[in-house]
Amino acid sequence: MLTSDSKDWRYFSKEITTNLEAPIQLSMLFAPFFATREEATIINVTSGLAFTPFVIAPIYSATKAALHSFTLSLRHQLSNTSIEVIEVAPPAVKTDFLDGAGLPGEPLDAFADGIFKGLEEGKKEIGYGTSVNRLRMSRDEIDDYVEKMYQATKNLIE
């Protein structure tokens, strides 16, 4: 929780730099070069949490939501160029980190296969598992989902 966390600002600043500033800077640096190519693609990795924030990870969720917004804008800005702009929005994926936190996740191999399938199908926004529905939720559905996630995990922040 932000009010009781012993982490200092440097921790959160690194998270913001990694998740938001770096992809924006890389897109800005490479877009002029990519535009000279016959075909080019920028792929930004957001998260299902860009659409349904996770109460115990507000900075992470906010950076992914901001990157989603940037990616959507970038896609429109570059629509008259050879650059395709794609967003991959993973759900929680089964990793050692999730196991250590006692959280469920999608199997890594199935997730990767699903993302490659979405790329092959030419999708501009690619989700997998629970993130597929989150890409298109209404505001009321988002509020309900966030509350459900909070109730299921609030013991982790108390």
# chains A, B, ... in the order shown; residues from 1 in each chain; ligands from 1
>>> closest_atom_pairs(of="segment 73-117 of chain A", to="segment 55-68 of chain A", cutoff="9 Å", atoms="only C-alpha atoms", output="tab-separated table")
residue	atom	partner	partner_atom	distance
A:Ser73	CA	A:His68	CA	8.6
A:Glu87	CA	A:His68	CA	7.4
A:Ala89	CA	A:His68	CA	8.8
>>> write_last_selection(atoms="N, CA and C atoms", output="mmCIF file, in the first residue's frame")
data_model
loop_
_atom_site.group_PDB
_atom_site.id
_atom_site.type_symbol
_atom_site.label_atom_id
_atom_site.label_comp_id
_atom_site.auth_asym_id
_atom_site.auth_seq_id
_atom_site.Cartn_x
_atom_site.Cartn_y
_atom_site.Cartn_z
ATOM 1 N N SER A 73 -2.507 6.296 -29.399
ATOM 2 C CA SER A 73 -2.218 7.560 -30.084
ATOM 3 C C SER A 73 -1.150 7.378 -31.150
ATOM 4 N N GLU A 87 -0.177 -3.543 -29.708
ATOM 5 C CA GLU A 87 -0.153 -3.615 -28.249
ATOM 6 C C GLU A 87 -0.397 -5.053 -27.822
ATOM 7 N N ALA A 89 -1.201 -7.124 -24.474
ATOM 8 C CA ALA A 89 -1.694 -6.905 -23.111
ATOM 9 C C ALA A 89 -1.808 -8.244 -22.387
#
>>> residues_around(residues="Ile43 of chain A", least_positions_apart="3", cutoff="9 Å", atoms="only C-alpha atoms", output="short mmCIF file (atom, residue, chain, number, x, y, z; two decimals) with N, CA and C atoms, in the first residue's frame")
data_model
loop_
_atom_site.label_atom_id
_atom_site.label_comp_id
_atom_site.auth_asym_id
_atom_site.auth_seq_id
_atom_site.Cartn_x
_atom_site.Cartn_y
_atom_site.Cartn_z
N THR A 71 0.24 4.12 -26.92
CA THR A 71 0.26 3.19 -28.06
C THR A 71 -0.91 3.44 -28.99
N GLU A 84 3.57 -0.37 -38.40
CA GLU A 84 2.43 -0.97 -37.71
C GLU A 84 2.69 -0.84 -36.21
N VAL A 85 1.68 -0.46 -35.45
CA VAL A 85 1.83 -0.32 -33.99
C VAL A 85 0.89 -1.31 -33.32
N ILE A 86 1.48 -2.20 -32.53
CA ILE A 86 0.74 -3.30 -31.91
C ILE A 86 0.89 -3.21 -30.40
N GLU A 87 -0.18 -3.54 -29.71
CA GLU A 87 -0.15 -3.61 -28.25
C GLU A 87 -0.40 -5.05 -27.82
N VAL A 88 0.49 -5.57 -26.98
CA VAL A 88 0.30 -6.88 -26.36
C VAL A 88 -0.06 -6.61 -24.90
#
>>> closest_residue(among="A:Asn44, A:Gln151, A:Ser138, A:Asn133", to="Leu20 of chain A", atoms="only C-alpha atoms")
A:Asn44
>>> residues_around(residues="Leu108 of chain A", least_positions_apart="5", cutoff="10 Å", atoms="only C-alpha atoms", output="ChimeraX atom specification")
/A:92-95,113-114
>>> residues_around(residues="Phe34 of chain A", least_positions_apart="4", cutoff="9 Å", atoms="only C-alpha atoms", output="ChimeraX atom specification")
/A:30,38-42,81-83
>>> write_last_selection(atoms="C-alpha atoms", output="PDB file, in the first residue's frame")
ATOM      1  CA  PHE A  30      13.063   4.584 -33.856  1.00  0.00           C
ATOM      2  CA  GLU A  38       8.991  -0.734 -46.434  1.00  0.00           C
ATOM      3  CA  GLU A  39       7.645  -2.569 -43.374  1.00  0.00           C
ATOM      4  CA  ALA A  40       8.217  -1.940 -39.681  1.00  0.00           C
ATOM      5  CA  THR A  41       6.486  -2.725 -36.411  1.00  0.00           C
ATOM      6  CA  ILE A  42       6.526  -1.232 -32.935  1.00  0.00           C
ATOM      7  CA  THR A  81       3.477   5.413 -42.592  1.00  0.00           C
ATOM      8  CA  SER A  82       4.784   1.888 -43.087  1.00  0.00           C
ATOM      9  CA  ILE A  83       4.894   1.401 -39.316  1.00  0.00           C
TER      10      ILE A  83
END
>>> select_by_dssp(residues="chain A", states="alpha helix (DSSP H)", output="MDAnalysis selection string")
chainID A and resid 9:16 22:34 58:77 96:101 108:120 130:134 139:153
